[in-house]
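Heads up, my_file03.cif below (mmCIF, C-alpha atoms and all ligand atoms):
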```
data_entry
loop_
_atom_site.label_atom_id
_atom_site.label_comp_id
_atom_site.auth_asym_id
_atom_site.auth_seq_id
_atom_site.Cartn_x
_atom_site.Cartn_y
_atom_site.Cartn_z
CA MET A 1220 13.83 -6.21 -14.24
CA MET A 1221 10.77 -4.52 -12.80
CA THR A 1222 10.58 -3.89 -9.06
CA ILE A 1223 7.19 -4.23 -7.41
CA SER A 1224 7.00 -3.31 -3.74
CA VAL A 1225 4.38 -4.78 -1.45
CA ILE A 1226 3.58 -2.29 1.30
CA VAL A 1227 2.40 -3.68 4.64
CA GLY A 1228 -0.19 -1.11 5.68
CA SER A 1229 -0.56 -1.95 9.36
CA THR A 1230 1.97 -1.77 12.18
CA ARG A 1231 -0.51 -2.91 14.83
CA GLN A 1232 0.50 -5.68 17.25
CA GLY A 1233 -1.10 -8.89 16.01
CA ARG A 1234 -1.82 -7.33 12.64
CA PHE A 1235 -3.32 -9.34 9.81
CA SER A 1236 -1.70 -7.23 7.07
CA GLU A 1237 1.54 -9.19 6.89
CA LYS A 1238 -0.25 -12.43 5.96
CA PRO A 1239 -1.65 -11.29 2.61
CA ALA A 1240 1.49 -9.21 2.04
CA GLN A 1241 3.73 -12.27 2.40
CA TRP A 1242 1.45 -14.28 0.13
CA ILE A 1243 1.54 -11.60 -2.54
CA LEU A 1244 5.32 -11.45 -2.27
CA GLN A 1245 5.52 -15.19 -2.83
CA GLN A 1246 3.40 -14.81 -5.98
CA LEU A 1247 5.66 -12.04 -7.24
CA HIS A 1248 8.73 -14.23 -6.70
CA LYS A 1249 7.21 -16.78 -9.10
CA ARG A 1250 7.08 -14.21 -11.89
CA GLU A 1251 10.04 -13.84 -14.22
CA GLY A 1252 11.27 -10.33 -14.75
CA ILE A 1253 9.86 -9.05 -11.47
CA GLU A 1254 11.75 -8.36 -8.30
CA GLY A 1255 9.32 -8.38 -5.40
CA LEU A 1256 10.17 -6.34 -2.31
CA LEU A 1257 8.39 -6.15 1.01
CA LEU A 1258 8.15 -2.67 2.50
CA ASP A 1259 7.01 -3.14 6.08
CA LEU A 1260 6.03 0.16 7.70
CA ARG A 1261 7.34 -1.19 11.01
CA ASP A 1262 10.80 -0.79 9.43
CA PHE A 1263 10.06 2.85 8.61
CA PRO A 1264 8.86 4.49 11.84
CA MET A 1265 8.32 7.95 10.39
CA PRO A 1266 7.01 10.88 12.44
CA PHE A 1267 3.71 12.43 11.44
CA PHE A 1268 4.31 14.73 8.51
CA ASP A 1269 5.17 18.15 9.93
CA GLN A 1270 7.31 19.89 7.35
CA PRO A 1271 6.84 23.49 6.19
CA MET A 1272 7.28 22.53 2.53
CA PRO A 1273 5.07 19.90 0.95
CA PRO A 1274 6.71 16.95 -0.79
CA ALA A 1275 5.28 18.07 -4.13
CA MET A 1276 7.02 21.47 -4.07
CA PRO A 1277 9.54 21.57 -6.93
CA GLY A 1278 13.13 22.16 -5.84
CA ARG A 1279 12.52 21.73 -2.13
CA PRO A 1280 15.52 20.49 -0.12
CA PRO A 1281 15.47 16.85 0.98
CA TYR A 1282 13.83 16.12 4.32
CA GLU A 1283 16.34 15.58 7.10
CA HIS A 1284 14.91 12.49 8.80
CA GLU A 1285 17.04 9.45 7.97
CA VAL A 1286 14.02 7.16 8.07
CA VAL A 1287 12.17 9.37 5.59
CA LYS A 1288 15.19 9.34 3.27
CA LYS A 1289 15.31 5.55 3.51
CA TRP A 1290 11.57 5.28 2.78
CA THR A 1291 11.73 7.74 -0.12
CA ALA A 1292 14.67 5.83 -1.64
CA GLN A 1293 12.64 2.61 -1.59
CA ILE A 1294 9.71 4.30 -3.31
CA ALA A 1295 12.07 5.79 -5.89
CA ALA A 1296 13.57 2.34 -6.56
CA SER A 1297 10.15 0.77 -7.18
CA ASP A 1298 8.29 0.61 -10.48
CA GLY A 1299 4.95 -0.26 -8.94
CA PHE A 1300 3.24 -0.96 -5.66
CA VAL A 1301 0.78 -3.30 -4.02
CA PHE A 1302 -0.73 -1.53 -1.02
CA VAL A 1303 -2.02 -4.01 1.53
CA THR A 1304 -4.42 -2.01 3.64
CA PRO A 1305 -6.65 -2.56 6.62
CA GLU A 1306 -9.85 -0.60 7.04
CA TYR A 1307 -9.96 1.59 10.12
CA ASN A 1308 -13.16 3.60 10.52
CA TYR A 1309 -13.99 3.54 6.82
CA GLY A 1310 -10.51 4.56 5.72
CA THR A 1311 -6.99 3.29 5.41
CA SER A 1312 -4.64 3.22 8.38
CA ALA A 1313 -3.11 6.46 9.60
CA VAL A 1314 0.36 4.94 9.38
CA LEU A 1315 -0.09 4.11 5.70
CA LYS A 1316 -1.57 7.50 4.82
CA ASN A 1317 1.32 9.20 6.62
CA ALA A 1318 3.85 7.08 4.73
CA ILE A 1319 2.19 8.11 1.46
CA ASP A 1320 2.13 11.78 2.43
CA TRP A 1321 5.91 12.00 3.05
CA VAL A 1322 6.68 11.32 -0.60
CA TYR A 1323 5.49 12.83 -3.84
CA PRO A 1324 7.51 12.73 -7.10
CA GLU A 1325 8.76 9.22 -6.36
CA TRP A 1326 5.15 7.93 -6.51
CA ASN A 1327 4.34 9.62 -9.81
CA ARG A 1328 3.61 7.69 -13.01
CA LYS A 1329 3.88 4.29 -11.35
CA ALA A 1330 1.31 1.52 -11.14
CA ALA A 1331 -0.61 0.97 -7.93
CA ALA A 1332 -2.74 -1.97 -6.86
CA PHE A 1333 -4.66 -2.34 -3.63
CA VAL A 1334 -5.46 -5.37 -1.51
CA SER A 1335 -7.75 -4.93 1.45
CA TYR A 1336 -9.51 -7.00 4.05
CA GLY A 1337 -11.80 -6.53 7.01
CA SER A 1338 -15.38 -7.30 7.85
CA ALA A 1339 -16.54 -5.34 4.79
CA MET A 1340 -13.45 -6.43 2.80
CA GLY A 1341 -11.82 -3.06 3.35
CA THR A 1342 -13.54 -1.59 0.34
CA ARG A 1343 -13.84 1.88 1.87
CA ALA A 1344 -10.11 1.93 2.58
CA VAL A 1345 -9.41 1.09 -1.05
CA GLN A 1346 -11.91 3.69 -2.21
CA GLN A 1347 -10.00 6.28 -0.19
CA LEU A 1348 -6.60 5.09 -1.44
CA ARG A 1349 -7.74 5.23 -5.05
CA GLU A 1350 -8.60 8.88 -4.58
CA THR A 1351 -5.16 9.46 -3.05
CA ALA A 1352 -3.58 7.65 -5.98
CA ILE A 1353 -5.23 10.07 -8.39
CA GLU A 1354 -3.01 12.73 -6.84
CA THR A 1355 0.16 10.75 -6.24
CA ASN A 1356 0.26 8.32 -9.14
CA GLY A 1357 -1.69 9.51 -12.12
CA THR A 1358 -1.69 5.97 -13.52
CA ASP A 1359 -4.06 3.04 -13.87
CA SER A 1360 -4.95 1.11 -10.77
CA VAL A 1361 -6.03 -2.47 -10.29
CA ILE A 1362 -8.06 -3.56 -7.33
CA CYS A 1363 -8.52 -6.85 -5.56
CA SER A 1364 -10.38 -7.08 -2.28
CA ARG A 1365 -10.88 -10.22 -0.28
CA SER A 1366 -12.58 -10.62 3.04
CA ARG A 1367 -10.52 -11.73 6.00
CA GLY A 1368 -12.82 -14.69 6.47
CA ASP A 1369 -12.04 -16.01 3.00
CA ALA A 1370 -8.35 -15.56 3.48
CA MET A 1371 -8.19 -17.23 6.85
CA GLY A 1372 -9.58 -20.41 5.32
CA THR A 1373 -7.23 -20.69 2.41
CA PHE A 1374 -4.75 -18.27 0.98
CA SER A 1375 -5.56 -19.51 -2.49
CA GLY A 1376 -8.43 -17.09 -2.05
CA TRP A 1377 -6.00 -14.20 -2.37
CA GLY A 1378 -5.46 -13.99 -6.04
CA CYS A 1379 -8.15 -11.98 -7.78
CA GLY A 1380 -9.12 -15.19 -9.62
CA LYS A 1381 -7.02 -15.66 -12.75
CA GLY A 1382 -5.71 -12.15 -12.66
CA PRO A 1383 -6.31 -8.69 -11.25
CA ARG A 1384 -9.68 -7.18 -12.07
CA ARG A 1385 -9.10 -3.89 -13.81
CA VAL A 1386 -11.70 -1.42 -12.66
CA GLY A 1387 -10.68 1.62 -14.61
CA LYS A 1388 -8.28 4.50 -14.58
CA ALA A 1389 -7.39 6.13 -11.32
CA SER A 1390 -7.10 9.52 -12.95
C1 LIG B 1401 -9.44 1.40 14.96
C2 LIG B 1401 -10.09 0.34 14.11
C3 LIG B 1401 -11.09 0.67 13.25
C4 LIG B 1401 -11.71 -0.29 12.44
N1 LIG B 1401 -12.65 0.08 11.55
C5 LIG B 1401 -13.14 -0.83 10.66
C6 LIG B 1401 -14.05 -0.42 9.65
O1 LIG B 1401 -14.42 0.73 9.55
N2 LIG B 1401 -14.49 -1.36 8.78
C7 LIG B 1401 -14.10 -2.67 8.85
O2 LIG B 1401 -14.51 -3.48 8.01
N3 LIG B 1401 -13.23 -3.09 9.80
C8 LIG B 1401 -12.74 -2.19 10.70
N4 LIG B 1401 -11.86 -2.59 11.66
C9 LIG B 1401 -11.44 -3.99 11.70
C10 LIG B 1401 -10.12 -4.15 10.96
O3 LIG B 1401 -10.30 -4.02 9.56
C11 LIG B 1401 -9.52 -5.51 11.27
O4 LIG B 1401 -9.25 -5.53 12.66
C12 LIG B 1401 -8.23 -5.73 10.52
O5 LIG B 1401 -7.70 -6.99 10.88
C13 LIG B 1401 -7.19 -4.64 10.81
O6 LIG B 1401 -6.04 -4.84 10.04
P1 LIG B 1401 -4.64 -5.22 10.73
O7 LIG B 1401 -4.93 -6.46 11.57
O8 LIG B 1401 -3.72 -5.54 9.59
O9 LIG B 1401 -4.22 -4.04 11.55
C14 LIG B 1401 -11.27 -1.64 12.51
C15 LIG B 1401 -10.23 -1.97 13.40
C16 LIG B 1401 -9.65 -1.01 14.18
C17 LIG B 1401 -8.50 -1.39 15.09
#
```

Can I see the file as structure tokens?
Amino acid sequence: MMTISVIVGSTRQGRFSEKPAQWILQQLHKREGIEGLLLDLRDFPMPFFDQPMPPAMPGRPPYEHEVVKKWTAQIAASDGFVFVTPEYNYGTSAVLKNAIDWVYPEWNRKAAAFVSYGSAMGTRAVQQLRETAIETNGTDSVICSRSRGDAMGTFSGWGCGKGPRRVGKAS
């Protein structure tokens, strides 16, 4: 059984992020051999990264924050990820970037896909996340962007057509 985690990339009041995230989760539940999990960053209220040792440092002791341990364990238990990201000022949300930055080896060698939205479909946020994924994942990425306007009309619009559009290696 493969575990794919859908990460809700906004914690804002009235956020849109949970709508596509829930839809994606429903699609994952229809697939045999896949366990779909929802990782809502509201459930992981991590501080801004402030540690003296970076997550990537080999042999570093575990971070002491319980919420960071809980988050890291979920990333470790996942085989792949769907990042559902808003676009804030041409980038992803600070809360999502911070959640990525707390973890390192647990992201490595796992698949990552990105779903974005926004008035320009969130493409700049995905562009930024793909560059981050070069460092954290080192694997192929698939990308699907849909505008919020499309999605509000019908969620059948959230599906990358017949399948995800592979746009190339992330590394
Ligand atoms: C601080 C901020 C910055 C934003 N910057 C952009 C932007 O650069 N490009 C864009 O297309 N939309 C931008 N938006 C619009 C958001 O993409 C839109 O509000 C989206 O619904 C936010 O996702 P959320 O509702 O899941 O938090 C911005 C919104 C906020 C709050």

Handout entry: Contacts of ligand LIG 1401 (chain B), 12 Å or closer, only C-alpha atoms and all ligand atoms, given as a PyMOL selection string
Key = chain A and resi 1226-1240+1259-1261+1302-1315+1334-1345+1364-1368+1370-1371

Exercise for the section: Give me, please, the distance in Å between CA of Phe1333 in chain A and CA of Pro1281 in chain A, quoted to one decimal. Expected result: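 Atom-to-atom, CA of Phe1333 in chain A to CA of Pro1281 in chain A, that is 28.2 Å.
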
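Nearest to Ile1223 in chain A of all the residues A:Glu1283, A:Glu1354, A:Glu1325, A:Glu1254 is A:Glu1254, counting all atoms listed in the file.
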
Problem - Point-to-point distance in Å for CA of Ala1275 in chain A and CA of Ala1330 in chain A - result: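 So the answer is 18.4 Å.
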
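Atom to atom, CA of Trp1326 in chain A and CA of Asn1356 in chain A stand 5.6 Å apart.
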
Exercise for the section: Could you pull out every residue with an atom within 6 Å of (5.5, -4.4, -12.1), file coordinates, counting only C-alpha atoms, and send them as a PyMOL selection string? Expected result: chain A and resi 1221-1223+1298-1299

Handout entry: Counting only C-alpha atoms, the residue of A:Leu1244, A:Ile1294, A:Val1301, A:Val1287 that sits nearest Phe1268 in chain A
Key = A:Val1287

Problem - Contacts of Phe1300 in chain A at 6 Å (only C-alpha atoms; same-chain gap of 2+ positions) as a PyMOL selection string - result: chain A and resi 1223-1225+1331
